[in-house]
file start35.txt (compact mmCIF, C-alpha atoms and all ligand atoms)
# COMPACT_ATOMS: atom_id res chain seq x y z
CA MET A 1 -110.19 2.39 -174.29
CA SER A 2 -108.53 1.23 -177.43
CA THR A 3 -107.58 -2.30 -178.30
CA LEU A 4 -105.14 -3.63 -180.84
CA LEU A 5 -106.31 -5.24 -184.01
CA VAL A 6 -104.93 -8.76 -183.88
CA SER A 7 -104.96 -11.08 -186.84
CA SER A 8 -106.90 -14.29 -186.47
CA PRO A 9 -104.76 -17.21 -185.24
CA THR A 10 -105.97 -19.67 -187.88
CA ALA A 11 -105.58 -17.78 -191.13
CA ALA A 12 -102.23 -16.25 -191.98
CA PRO A 13 -102.76 -14.72 -195.40
CA LYS A 14 -99.72 -13.86 -197.45
CA ALA A 15 -98.23 -10.42 -196.75
CA LEU A 16 -96.31 -9.29 -199.82
CA GLN A 17 -93.78 -6.44 -199.93
CA GLN A 18 -92.91 -6.51 -196.21
CA PRO A 19 -89.39 -5.58 -195.04
CA ALA A 20 -86.99 -8.22 -193.76
CA TRP A 21 -86.64 -6.68 -190.28
CA PRO A 22 -83.33 -7.86 -188.85
CA ASP A 23 -84.40 -8.19 -185.20
CA ALA A 24 -87.77 -9.55 -184.05
CA ALA A 25 -87.35 -8.29 -180.47
CA VAL A 26 -86.78 -4.70 -181.63
CA LEU A 27 -89.78 -4.98 -183.93
CA GLU A 28 -91.94 -6.14 -181.06
CA ARG A 29 -90.91 -3.21 -178.85
CA VAL A 30 -91.69 -0.79 -181.67
CA THR A 31 -95.12 -2.24 -182.43
CA GLU A 32 -95.94 -2.17 -178.72
CA ARG A 33 -95.08 1.53 -178.59
CA LEU A 34 -97.18 2.21 -181.68
CA GLY A 35 -100.04 0.32 -180.11
CA ALA A 36 -99.80 2.47 -176.99
CA GLY A 37 -99.75 5.74 -178.96
CA LEU A 38 -102.67 8.01 -179.73
CA PRO A 39 -104.46 7.64 -183.05
CA LEU A 40 -103.48 10.36 -185.55
CA VAL A 41 -106.96 10.68 -187.02
CA LEU A 42 -110.36 10.22 -185.42
CA ALA A 43 -113.02 7.73 -186.39
CA ALA A 44 -115.59 10.52 -186.77
CA GLU A 45 -113.36 12.23 -189.37
CA CYS A 46 -113.11 8.96 -191.28
CA ASP A 47 -116.91 8.73 -191.26
CA THR A 48 -117.10 12.26 -192.67
CA LEU A 49 -114.80 11.26 -195.52
CA ARG A 50 -116.94 8.18 -196.13
CA ARG A 51 -119.94 10.48 -196.60
CA ARG A 52 -117.93 12.70 -198.97
CA MET A 53 -116.80 9.64 -200.94
CA ALA A 54 -120.39 8.41 -201.06
CA ALA A 55 -121.25 11.62 -202.91
CA VAL A 56 -118.39 10.88 -205.31
CA ALA A 57 -119.68 7.33 -205.88
CA ARG A 58 -123.19 8.68 -206.59
CA GLY A 59 -121.87 11.21 -209.11
CA ASP A 60 -122.55 14.23 -206.91
CA ALA A 61 -118.91 15.15 -206.16
CA PHE A 62 -115.37 14.79 -207.48
CA VAL A 63 -112.25 13.90 -205.50
CA LEU A 64 -108.76 15.33 -205.96
CA GLN A 65 -106.15 13.14 -204.30
CA GLY A 66 -102.51 14.16 -204.50
CA GLY A 67 -99.11 14.43 -202.93
CA ASP A 68 -95.66 12.89 -202.99
CA CYS A 69 -94.93 9.38 -204.22
CA ALA A 70 -92.90 9.03 -201.04
CA GLU A 71 -92.81 11.52 -198.22
CA THR A 72 -89.36 11.82 -196.65
CA PHE A 73 -88.23 12.91 -193.20
CA ARG A 74 -85.66 15.22 -194.86
CA ASP A 75 -88.13 17.19 -197.00
CA LEU A 76 -90.70 17.69 -194.30
CA SER A 77 -91.17 21.38 -193.56
CA LEU A 78 -93.92 23.88 -192.86
CA ASP A 79 -93.34 25.41 -196.31
CA THR A 80 -93.56 22.15 -198.26
CA VAL A 81 -96.73 21.10 -196.46
CA SER A 82 -98.37 24.49 -196.86
CA ARG A 83 -97.44 24.85 -200.56
CA LYS A 84 -98.71 21.33 -201.27
CA MET A 85 -102.01 22.18 -199.60
CA ASP A 86 -102.33 25.49 -201.47
CA THR A 87 -101.65 23.76 -204.78
CA LEU A 88 -104.27 21.11 -204.06
CA PHE A 89 -106.88 23.66 -202.96
CA ALA A 90 -106.29 25.97 -205.94
CA THR A 91 -106.58 23.02 -208.34
CA ALA A 92 -109.68 21.73 -206.58
CA ASP A 93 -111.36 25.16 -206.84
CA GLU A 94 -110.76 25.27 -210.56
CA LEU A 95 -112.19 21.78 -211.06
CA SER A 96 -115.15 22.55 -208.83
CA GLU A 97 -116.05 25.68 -210.75
CA ALA A 98 -115.87 23.94 -214.11
CA MET A 99 -117.77 20.83 -213.07
CA PHE A 100 -120.43 22.48 -210.88
CA LEU A 101 -119.56 19.86 -208.26
CA PRO A 102 -117.99 19.95 -204.81
CA VAL A 103 -114.41 18.67 -204.89
CA VAL A 104 -113.21 16.59 -201.94
CA VAL A 105 -109.50 17.13 -201.26
CA VAL A 106 -107.49 14.15 -200.02
CA ALA A 107 -103.73 14.55 -199.66
CA ARG A 108 -101.15 11.78 -199.98
CA LEU A 109 -99.70 13.10 -196.75
CA ALA A 110 -98.94 12.36 -193.11
CA GLY A 111 -98.24 8.67 -193.66
CA GLN A 112 -97.02 8.07 -197.22
CA TYR A 113 -93.64 6.72 -196.07
CA ALA A 114 -93.54 3.09 -197.27
CA LYS A 115 -92.99 1.93 -200.85
CA PRO A 116 -93.56 -1.36 -202.67
CA ARG A 117 -90.70 -2.25 -205.01
CA SER A 118 -90.58 -4.37 -208.16
CA GLN A 119 -87.05 -5.53 -207.25
CA PRO A 120 -86.13 -6.49 -203.66
CA VAL A 121 -82.48 -5.55 -204.24
CA GLU A 122 -80.59 -2.91 -206.20
CA THR A 123 -77.15 -3.37 -207.77
CA LYS A 124 -74.75 -0.50 -208.42
CA ASP A 125 -71.11 -0.86 -209.49
CA GLY A 126 -71.14 -4.54 -208.57
CA VAL A 127 -72.59 -3.90 -205.09
CA THR A 128 -76.03 -5.39 -204.27
CA LEU A 129 -78.09 -3.95 -201.42
CA PRO A 130 -81.76 -4.10 -200.36
CA SER A 131 -83.96 -1.70 -202.33
CA TYR A 132 -85.12 1.52 -200.69
CA ARG A 133 -88.61 0.86 -199.27
CA GLY A 134 -89.45 4.32 -198.01
CA ASP A 135 -88.23 6.28 -195.00
CA ALA A 136 -90.47 4.17 -192.75
CA VAL A 137 -88.23 1.18 -193.49
CA ASN A 138 -84.71 2.17 -194.57
CA GLY A 139 -82.62 5.03 -195.96
CA LEU A 140 -82.30 6.09 -199.62
CA GLU A 141 -78.51 6.42 -199.42
CA PHE A 142 -76.79 3.50 -201.17
CA THR A 143 -74.86 2.08 -198.19
CA ALA A 144 -75.37 -1.20 -196.34
CA GLU A 145 -76.08 0.71 -193.15
CA ALA A 146 -78.77 2.96 -194.63
CA ARG A 147 -80.44 0.17 -196.57
CA THR A 148 -80.79 -2.20 -193.59
CA PRO A 149 -84.46 -2.06 -192.45
CA ASP A 150 -84.82 -0.48 -189.00
CA PRO A 151 -88.13 -0.80 -187.13
CA HIS A 152 -87.38 2.42 -185.19
CA ARG A 153 -88.10 4.24 -188.43
CA MET A 154 -91.78 3.39 -187.91
CA LEU A 155 -91.70 5.46 -184.72
CA GLN A 156 -90.14 8.29 -186.72
CA MET A 157 -92.92 7.89 -189.29
CA TYR A 158 -95.52 8.09 -186.54
CA ALA A 159 -93.91 11.24 -185.11
CA ALA A 160 -93.48 12.86 -188.54
CA SER A 161 -97.07 12.05 -189.51
CA GLY A 162 -98.39 13.45 -186.23
CA ALA A 163 -96.33 16.64 -186.63
CA THR A 164 -97.53 17.00 -190.23
CA LEU A 165 -101.14 16.64 -189.15
CA ASN A 166 -100.58 19.20 -186.43
CA VAL A 167 -99.43 21.72 -189.04
CA VAL A 168 -102.26 20.74 -191.38
CA ARG A 169 -104.86 21.25 -188.69
CA SER A 170 -103.37 24.64 -187.74
CA LEU A 171 -103.33 25.84 -191.34
CA LEU A 172 -106.92 24.72 -191.79
CA ALA A 173 -108.08 26.28 -188.57
CA GLU A 174 -107.06 29.89 -188.36
CA ASP A 175 -103.89 30.81 -190.13
CA GLY A 176 -105.70 33.28 -192.31
CA GLY A 177 -104.00 31.81 -195.38
CA GLN A 178 -105.53 30.04 -198.36
CA ALA A 179 -106.16 26.88 -196.39
CA ALA A 180 -108.21 28.53 -193.65
CA CYS A 181 -111.63 27.01 -193.08
CA ARG A 182 -111.14 24.32 -195.72
CA GLU A 183 -111.57 20.59 -195.33
CA LEU A 184 -108.66 18.27 -196.00
CA PHE A 185 -108.27 14.54 -195.46
CA VAL A 186 -105.05 12.52 -195.44
CA SER A 187 -104.35 9.20 -197.12
CA HIS A 188 -101.55 6.75 -197.79
CA GLU A 189 -100.88 3.25 -199.08
CA ALA A 190 -101.47 0.80 -196.21
CA LEU A 191 -98.38 -1.18 -197.11
CA LEU A 192 -96.45 -1.63 -193.89
CA LEU A 193 -98.61 -3.96 -191.82
CA ASP A 194 -96.31 -3.71 -188.78
CA TYR A 195 -97.22 -0.01 -188.69
CA GLU A 196 -100.87 -0.22 -189.68
CA ARG A 197 -102.00 -3.05 -187.41
CA PRO A 198 -100.94 -1.46 -184.09
CA LEU A 199 -102.54 1.83 -185.14
CA ALA A 200 -105.94 0.28 -185.76
CA ARG A 201 -108.31 0.95 -182.87
CA THR A 202 -111.79 0.09 -181.72
CA ASP A 203 -114.01 3.16 -181.75
CA ALA A 204 -115.72 3.54 -178.38
CA ARG A 205 -118.82 5.10 -180.00
CA THR A 206 -119.64 2.18 -182.27
CA GLY A 207 -117.38 -0.75 -181.42
CA GLU A 208 -116.09 -0.67 -185.01
CA THR A 209 -112.38 -0.84 -185.82
CA TYR A 210 -110.78 2.13 -187.58
CA SER A 211 -107.31 2.86 -188.78
CA GLY A 212 -105.81 5.66 -186.70
CA SER A 213 -103.01 6.26 -189.21
CA GLY A 214 -104.95 8.10 -191.94
CA HIS A 215 -108.48 8.86 -193.12
CA LEU A 216 -108.35 6.91 -196.35
CA LEU A 217 -106.02 3.95 -196.87
CA TRP A 218 -105.42 2.13 -200.11
CA ALA A 219 -103.89 -1.14 -201.27
CA GLY A 220 -101.40 -0.84 -204.11
CA GLU A 221 -101.39 -2.66 -207.44
CA ARG A 222 -98.80 -5.15 -206.11
CA THR A 223 -100.68 -6.07 -202.92
CA ARG A 224 -104.32 -6.14 -203.99
CA ASN A 225 -104.95 -9.89 -204.13
CA ALA A 226 -108.36 -10.38 -202.45
CA ASP A 227 -107.06 -13.32 -200.35
CA ASP A 228 -103.85 -11.66 -199.16
CA ALA A 229 -103.00 -9.81 -195.97
CA HIS A 230 -103.39 -6.22 -197.20
CA ILE A 231 -106.96 -6.69 -198.37
CA GLU A 232 -107.72 -8.65 -195.21
CA PHE A 233 -106.44 -5.72 -193.16
CA LEU A 234 -108.53 -3.20 -195.13
CA SER A 235 -111.58 -5.45 -194.75
CA ARG A 236 -111.31 -5.12 -190.95
CA ILE A 237 -111.31 -1.34 -190.75
CA SER A 238 -114.28 0.96 -191.24
CA ASN A 239 -112.41 3.79 -192.95
CA PRO A 240 -113.09 4.57 -196.58
CA VAL A 241 -110.65 2.39 -198.53
CA ALA A 242 -109.32 2.25 -202.08
CA VAL A 243 -107.55 -0.23 -204.31
CA LYS A 244 -105.20 0.60 -207.19
CA VAL A 245 -106.14 -1.23 -210.35
CA GLY A 246 -103.72 -1.81 -213.23
CA PRO A 247 -104.31 -2.97 -216.81
CA ARG A 248 -103.92 -6.67 -215.98
CA ALA A 249 -106.75 -6.66 -213.43
CA THR A 250 -109.67 -8.90 -214.39
CA PRO A 251 -113.38 -8.21 -213.81
CA GLN A 252 -113.46 -11.28 -211.52
CA GLU A 253 -110.66 -9.85 -209.37
CA LEU A 254 -112.59 -6.62 -208.93
CA LEU A 255 -115.76 -8.47 -207.99
CA ALA A 256 -113.79 -10.45 -205.40
CA LEU A 257 -112.45 -7.17 -204.00
CA VAL A 258 -115.97 -5.72 -203.82
CA ASP A 259 -117.15 -8.80 -201.91
CA ARG A 260 -114.22 -8.61 -199.50
CA LEU A 261 -114.18 -4.86 -198.93
CA ASP A 262 -117.75 -3.72 -199.47
CA PRO A 263 -120.05 -6.66 -198.74
CA GLY A 264 -122.80 -4.22 -197.65
CA ARG A 265 -122.58 -2.32 -200.96
CA GLU A 266 -122.30 1.05 -199.23
CA PRO A 267 -121.41 4.05 -201.41
CA GLY A 268 -118.28 5.74 -200.06
CA ARG A 269 -116.71 2.61 -198.66
CA LEU A 270 -114.72 1.50 -201.71
CA THR A 271 -112.91 3.40 -204.44
CA PHE A 272 -111.07 1.89 -207.38
CA ILE A 273 -108.09 3.94 -208.55
CA ALA A 274 -107.43 2.96 -212.17
CA ARG A 275 -103.80 3.29 -213.30
CA MET A 276 -103.94 1.74 -216.72
CA GLY A 277 -101.44 3.72 -218.77
CA ALA A 278 -102.49 6.15 -221.50
CA ASP A 279 -102.13 3.44 -224.14
CA ARG A 280 -104.33 0.94 -222.28
CA VAL A 281 -107.03 2.96 -220.52
CA ARG A 282 -109.46 3.04 -223.45
CA ASP A 283 -109.41 -0.71 -224.02
CA ALA A 284 -108.77 -2.09 -220.51
CA LEU A 285 -111.07 0.09 -218.38
CA PRO A 286 -114.57 -0.29 -219.93
CA ASP A 287 -114.96 -3.98 -219.09
CA LEU A 288 -113.98 -3.40 -215.47
CA VAL A 289 -116.30 -0.44 -214.98
CA GLU A 290 -119.20 -2.23 -216.66
CA THR A 291 -118.80 -5.44 -214.68
CA VAL A 292 -118.64 -3.61 -211.38
CA ALA A 293 -121.68 -1.48 -212.27
CA ALA A 294 -123.65 -4.51 -213.45
CA ALA A 295 -122.95 -6.19 -210.09
CA GLY A 296 -124.58 -3.22 -208.36
CA ALA A 297 -121.38 -2.26 -206.57
CA PRO A 298 -121.52 1.47 -205.76
CA VAL A 299 -117.77 2.11 -206.04
CA ALA A 300 -116.18 5.45 -206.88
CA TRP A 301 -113.80 5.48 -209.87
CA VAL A 302 -110.69 7.64 -209.77
CA THR A 303 -107.93 7.95 -212.39
CA ASP A 304 -104.26 7.76 -211.44
CA PRO A 305 -102.59 8.88 -214.68
CA MET A 306 -99.11 8.61 -213.17
CA HIS A 307 -98.22 4.98 -212.47
CA GLY A 308 -98.99 3.49 -215.89
CA ASN A 309 -96.92 6.15 -217.63
CA THR A 310 -93.44 6.06 -216.12
CA VAL A 311 -90.48 6.14 -218.55
CA SER A 312 -86.71 6.68 -218.34
CA ALA A 313 -85.20 10.05 -219.23
CA PRO A 314 -81.83 10.05 -221.08
CA SER A 315 -80.26 11.05 -217.74
CA GLY A 316 -81.48 7.74 -216.28
CA HIS A 317 -84.12 9.41 -214.07
CA LYS A 318 -87.65 8.03 -213.96
CA THR A 319 -89.94 10.58 -215.56
CA ARG A 320 -93.47 11.07 -216.92
CA HIS A 321 -94.64 13.18 -219.84
CA PHE A 322 -97.32 15.75 -219.13
CA ASP A 323 -99.12 15.01 -222.44
CA THR A 324 -99.26 11.29 -221.68
CA VAL A 325 -100.64 12.00 -218.21
CA LEU A 326 -103.31 14.25 -219.75
CA ASP A 327 -104.05 11.59 -222.38
CA GLU A 328 -104.81 8.98 -219.71
CA VAL A 329 -107.15 11.38 -217.89
CA THR A 330 -108.85 12.13 -221.23
CA GLY A 331 -109.26 8.41 -221.91
CA PHE A 332 -110.70 7.89 -218.42
CA PHE A 333 -113.34 10.60 -219.03
CA GLU A 334 -114.13 9.16 -222.49
CA VAL A 335 -114.70 5.68 -221.07
CA HIS A 336 -117.04 6.93 -218.34
CA ARG A 337 -118.95 9.20 -220.73
CA ALA A 338 -119.48 6.29 -223.14
CA LEU A 339 -120.75 4.05 -220.33
CA GLY A 340 -122.83 6.72 -218.61
CA THR A 341 -120.85 6.28 -215.38
CA HIS A 342 -119.20 8.97 -213.25
CA PRO A 343 -115.51 9.84 -213.66
CA GLY A 344 -115.10 10.42 -209.95
CA GLY A 345 -111.67 11.81 -209.41
CA LEU A 346 -108.03 12.42 -210.10
CA HIS A 347 -105.09 10.90 -208.18
CA LEU A 348 -101.78 12.70 -208.73
CA GLU A 349 -98.19 12.50 -207.62
CA MET A 350 -97.48 16.19 -207.19
CA THR A 351 -95.81 18.77 -205.02
CA GLY A 352 -96.11 22.49 -204.42
CA GLU A 353 -92.42 22.94 -205.32
CA GLU A 354 -91.12 23.78 -208.80
CA VAL A 355 -89.21 20.52 -209.25
CA THR A 356 -88.28 19.21 -212.70
CA GLU A 357 -89.22 15.56 -212.39
CA CYS A 358 -91.97 15.32 -215.07
CA VAL A 359 -91.50 16.58 -218.63
CA GLY A 360 -93.77 19.07 -220.46
CA ALA A 361 -95.71 22.18 -219.43
CA GLY A 362 -92.50 24.16 -218.97
CA VAL A 363 -90.00 21.39 -218.24
CA GLY A 364 -87.78 20.06 -221.07
CA LEU A 365 -86.29 16.57 -221.18
CA GLY A 366 -82.84 18.10 -220.59
CA ASP A 367 -84.12 19.95 -217.49
CA VAL A 368 -84.98 16.74 -215.62
CA PRO A 369 -81.70 16.38 -213.63
CA ARG A 370 -81.74 20.08 -212.63
CA ARG A 371 -84.17 19.80 -209.72
CA TYR A 372 -84.99 16.14 -209.24
CA GLU A 373 -85.79 15.66 -205.57
CA SER A 374 -88.21 12.75 -205.41
CA ALA A 375 -87.06 9.74 -203.38
CA CYS A 376 -89.18 7.53 -205.62
CA ASP A 377 -91.51 8.39 -208.52
CA PRO A 378 -91.51 11.72 -210.44
CA ARG A 379 -94.09 14.30 -209.33
CA LEU A 380 -95.86 17.06 -211.22
CA ASN A 381 -94.57 20.39 -209.96
CA ARG A 382 -96.81 23.24 -208.86
CA SER A 383 -97.15 24.79 -212.36
CA GLN A 384 -97.72 21.42 -214.02
CA THR A 385 -100.37 20.50 -211.45
CA ARG A 386 -102.19 23.81 -211.98
CA GLU A 387 -101.95 23.42 -215.77
CA LEU A 388 -103.29 19.86 -215.62
CA GLY A 389 -106.10 21.10 -213.38
CA ARG A 390 -107.01 23.77 -215.97
CA LEU A 391 -107.05 21.23 -218.81
CA VAL A 392 -109.03 18.63 -216.85
CA ALA A 393 -111.48 21.38 -215.91
CA GLU A 394 -112.02 22.07 -219.63
CA LEU A 395 -112.40 18.38 -220.32
CA ALA A 396 -114.88 17.97 -217.48
CA THR A 397 -117.05 21.01 -218.18
CA PRO A 398 -120.55 19.63 -218.69
C1 LIG B 401 -97.92 4.64 -205.66
O1 LIG B 401 -99.06 5.13 -205.59
O2 LIG B 401 -96.89 5.28 -205.36
C2 LIG B 401 -97.78 3.26 -206.18
C3 LIG B 401 -96.73 2.50 -205.89
O3 LIG B 401 -98.80 2.93 -206.98
P1 LIG B 401 -99.24 1.54 -207.63
O4 LIG B 401 -99.57 0.62 -206.50
O5 LIG B 401 -100.45 1.94 -208.42
O6 LIG B 401 -98.12 1.06 -208.50
MN MN B 402 -95.51 6.32 -206.91
call {"tool": "encode", "arguments": {"input": "start35.txt", "output": "structure tokens"}}
result
Amino acid sequence: MSTLLVSSPTAAPKALQQPAWPDAAVLERVTERLGAGLPLVLAAECDTLRRRMAAVARGDAFVLQGGDCAETFRDLSLDTVSRKMDTLFATADELSEAMFLPVVVVARLAGQYAKPRSQPVETKDGVTLPSYRGDAVNGLEFTAEARTPDPHRMLQMYAASGATLNVVRSLLAEDGGQAACRELFVSHEALLLDYERPLARTDARTGETYSGSGHLLWAGERTRNADDAHIEFLSRISNPVAVKVGPRATPQELLALVDRLDPGREPGRLTFIARMGADRVRDALPDLVETVAAAGAPVAWVTDPMHGNTVSAPSGHKTRHFDTVLDEVTGFFEVHRALGTHPGGLHLEMTGEEVTECVGAGVGLGDVPRRYESACDPRLNRSQTRELGRLVAELATP
């Protein structure tokens, strides 16, 4: 038996970054259908990842987390999923060999369909429409029809995520390819509460509540206030959880997050994903890491060298420079080495395709428009991901 996770009737914490669904009755029918559906991941798998993340928190393992900024229904194919997995596994092997540590592989996959936006609307040629919030909410095309949020898209997200996991599990099981007999977990930002809440279930074994939508869920930099709805939701599930942490985060905010999300101080429960920017990581990160360590909080620290380093290319595309990305990772390792703490992992926006969204390591600034396919932020392509893996492996060699 599974039961829905209902929010408490008294407290209604603020839910930022939620779509303005046009029709409450349609929304209700959709959330009912999600609530009646099967979970996509099992509680026991989430427990396994918690144990793996506990090793990361203790300094006995490293985690490689990566995938698209935004998955799209259009780009979903057996080839894209399998090439993404191969790229992650090959990069993980290289890191593992250099570090003499097991590398846990966690894909941004099978659920990464909702995006927070800094602007709620977008204006083009005098026309203002709602911003694209991910395929789970509306369409990327700049028309009023596409940009109107449609709750049915959450059912499409559920189906697409389930189909993706089906392929993932087949490739891991017996395909004979590079992924055979490996372990892979899936993760996404738990942004869309109308999707996440109905998919949370009580585990019959333990009576604990787990998210059925992915193994590891995280709260983004824009929705990580300890008193708000996203953190409240994460506090109610027993999955391993993570929080993105930007350069304006204060030590007090992180302590409040530890109290909310990991009151039992259990290694593997909570990961902080630092996304400081290459120019800020060396001065903004040490205080945060030290404060959290001094409080005895056994969190894992991961670097996201993507989100603090986004710039505009002359073509107008959002891009990131490979050298800047590497510089932030280098800074992250320097900070942890100086403090004697463990640089626990790497969080990348990447793909197995040879896109030209990030600059450097084979892609020139003028190449950017040539194969720019991301619906949101620029991703490292396959070659860039492998090259970054090689350089981080060098950096991390004990
Ligand atoms: C993301 O991971 O795509 C994202 C929006 O990150 P952040 O919350 O760190 O800005
Ligand atoms: Mn992104």
call {"tool": "closest_residue", "arguments": {"input": "start35.txt", "among": "A:Glu189, A:Asp323, A:Asp75, A:Glu141", "to": "ligand MN 402 (chain B)", "atoms": "only C-alpha atoms and all ligand atoms"}}
result
A:Glu189
call {"tool": "residues_around", "arguments": {"input": "start35.txt", "residues": "range 232-235 of chain A", "least_positions_apart": "4", "cutoff": "7 Å", "atoms": "only C-alpha atoms", "output": "PyMOL selection string"}}
result
chain A and resi 227-228+241+260-261
call {"tool": "atom_distance", "arguments": {"input": "start35.txt", "atom1": "CA of Tyr210 in chain A", "atom2": "CA of Asn239 in chain A"}}
result
5.9 Å
call {"tool": "residues_around", "arguments": {"input": "start35.txt", "residues": "Arg275 in chain A", "least_positions_apart": "2", "cutoff": "7 Å", "atoms": "all atoms listed in the file", "output": "JSON, numbers by chain"}}
result
{"A": [244, 245, 246, 273, 277, 303, 304, 305, 307, 308]}
call {"tool": "closest_residue", "arguments": {"input": "start35.txt", "among": "A:Asp283, A:Val121, A:Ala393, A:Ile231", "to": "Glu334 in chain A", "atoms": "only C-alpha atoms"}}
result
A:Asp283
call {"tool": "closest_atom_pairs", "arguments": {"input": "start35.txt", "of": "chain A", "to": "ligand MN 402 (chain B)", "cutoff": "12 Å", "atoms": "all atoms listed in the file", "output": "JSON lines"}}
result
{"residue": "A:Gly66", "atom": "CA", "partner": "B:MN402", "partner_atom": "MN", "distance": 10.8}
{"residue": "A:Gly67", "atom": "CA", "partner": "B:MN402", "partner_atom": "MN", "distance": 9.7}
{"residue": "A:Asp68", "atom": "CA", "partner": "B:MN402", "partner_atom": "MN", "distance": 7.7}
{"residue": "A:Cys69", "atom": "CA", "partner": "B:MN402", "partner_atom": "MN", "distance": 4.1}
{"residue": "A:Ala70", "atom": "CA", "partner": "B:MN402", "partner_atom": "MN", "distance": 7.0}
{"residue": "A:Glu71", "atom": "CA", "partner": "B:MN402", "partner_atom": "MN", "distance": 10.5}
{"residue": "A:Arg108", "atom": "CA", "partner": "B:MN402", "partner_atom": "MN", "distance": 10.5}
{"residue": "A:Gln112", "atom": "CA", "partner": "B:MN402", "partner_atom": "MN", "distance": 10.0}
{"residue": "A:Tyr113", "atom": "CA", "partner": "B:MN402", "partner_atom": "MN", "distance": 11.0}
{"residue": "A:Ala114", "atom": "CA", "partner": "B:MN402", "partner_atom": "MN", "distance": 10.4}
{"residue": "A:Lys115", "atom": "CA", "partner": "B:MN402", "partner_atom": "MN", "distance": 7.9}
{"residue": "A:Pro116", "atom": "CA", "partner": "B:MN402", "partner_atom": "MN", "distance": 9.0}
{"residue": "A:Arg117", "atom": "CA", "partner": "B:MN402", "partner_atom": "MN", "distance": 10.0}
{"residue": "A:Ser118", "atom": "CA", "partner": "B:MN402", "partner_atom": "MN", "distance": 11.8}
{"residue": "A:Arg133", "atom": "CA", "partner": "B:MN402", "partner_atom": "MN", "distance": 11.7}
{"residue": "A:Gly134", "atom": "CA", "partner": "B:MN402", "partner_atom": "MN", "distance": 11.0}
{"residue": "A:His188", "atom": "CA", "partner": "B:MN402", "partner_atom": "MN", "distance": 10.9}
{"residue": "A:Glu189", "atom": "CA", "partner": "B:MN402", "partner_atom": "MN", "distance": 10.0}
{"residue": "A:Gly220", "atom": "CA", "partner": "B:MN402", "partner_atom": "MN", "distance": 9.7}
{"residue": "A:Glu221", "atom": "CA", "partner": "B:MN402", "partner_atom": "MN", "distance": 10.7}
{"residue": "A:Arg222", "atom": "CA", "partner": "B:MN402", "partner_atom": "MN", "distance": 12.0}
{"residue": "A:Lys244", "atom": "CA", "partner": "B:MN402", "partner_atom": "MN", "distance": 11.3}
{"residue": "A:Arg275", "atom": "CA", "partner": "B:MN402", "partner_atom": "MN", "distance": 10.9}
{"residue": "A:Asp304", "atom": "CA", "partner": "B:MN402", "partner_atom": "MN", "distance": 10.0}
{"residue": "A:Pro305", "atom": "CA", "partner": "B:MN402", "partner_atom": "MN", "distance": 10.8}
{"residue": "A:Met306", "atom": "CA", "partner": "B:MN402", "partner_atom": "MN", "distance": 7.6}
{"residue": "A:His307", "atom": "CA", "partner": "B:MN402", "partner_atom": "MN", "distance": 6.3}
{"residue": "A:Gly308", "atom": "CA", "partner": "B:MN402", "partner_atom": "MN", "distance": 10.0}
{"residue": "A:Asn309", "atom": "CA", "partner": "B:MN402", "partner_atom": "MN", "distance": 10.8}
{"residue": "A:Thr310", "atom": "CA", "partner": "B:MN402", "partner_atom": "MN", "distance": 9.4}
{"residue": "A:Lys318", "atom": "CA", "partner": "B:MN402", "partner_atom": "MN", "distance": 10.7}
{"residue": "A:Thr319", "atom": "CA", "partner": "B:MN402", "partner_atom": "MN", "distance": 11.1}
{"residue": "A:Arg320", "atom": "CA", "partner": "B:MN402", "partner_atom": "MN", "distance": 11.3}
{"residue": "A:His347", "atom": "CA", "partner": "B:MN402", "partner_atom": "MN", "distance": 10.7}
{"residue": "A:Leu348", "atom": "CA", "partner": "B:MN402", "partner_atom": "MN", "distance": 9.1}
{"residue": "A:Glu349", "atom": "CA", "partner": "B:MN402", "partner_atom": "MN", "distance": 6.8}
{"residue": "A:Met350", "atom": "CA", "partner": "B:MN402", "partner_atom": "MN", "distance": 10.1}
{"residue": "A:Ser374", "atom": "CA", "partner": "B:MN402", "partner_atom": "MN", "distance": 9.8}
{"residue": "A:Ala375", "atom": "CA", "partner": "B:MN402", "partner_atom": "MN", "distance": 9.8}
{"residue": "A:Cys376", "atom": "CA", "partner": "B:MN402", "partner_atom": "MN", "distance": 6.6}
{"residue": "A:Asp377", "atom": "CA", "partner": "B:MN402", "partner_atom": "MN", "distance": 4.8}
{"residue": "A:Pro378", "atom": "CA", "partner": "B:MN402", "partner_atom": "MN", "distance": 7.6}
{"residue": "A:Arg379", "atom": "CA", "partner": "B:MN402", "partner_atom": "MN", "distance": 8.5}
{"residue": "A:Leu380", "atom": "CA", "partner": "B:MN402", "partner_atom": "MN", "distance": 11.6}
call {"tool": "closest_residue", "arguments": {"input": "start35.txt", "among": "A:Lys84, A:Arg337, A:Arg51, A:Arg248", "to": "ligand LIG 401 (chain B)", "atoms": "all atoms listed in the file"}}
result
A:Arg248
call {"tool": "atom_distance", "arguments": {"input": "start35.txt", "atom1": "CA of Asp125 in chain A", "atom2": "CA of Thr143 in chain A"}}
result
12.3 Å
call {"tool": "atom_distance", "arguments": {"input": "start35.txt", "atom1": "CA of Glu353 in chain A", "atom2": "CA of Leu76 in chain A"}}
result
12.3 Å
call {"tool": "residues_near_point", "arguments": {"input": "start35.txt", "point": "(-100.2, 17.5, -191.4)", "cutoff": "8 Å", "atoms": "all atoms listed in the file", "output": "VMD selection string"}}
result
chain A and resid 81 109 to 110 161 to 169
call {"tool": "axis_aligned_box", "arguments": {"input": "start35.txt", "around": "range 275-291 of chain A", "padding_each_side": "3 Å", "output": "AutoDock Vina command-line options"}}
result
--center_x -110.3 --center_y 0.4 --center_z -218.7 --size_x 23.8 --size_y 17.6 --size_z 16.8
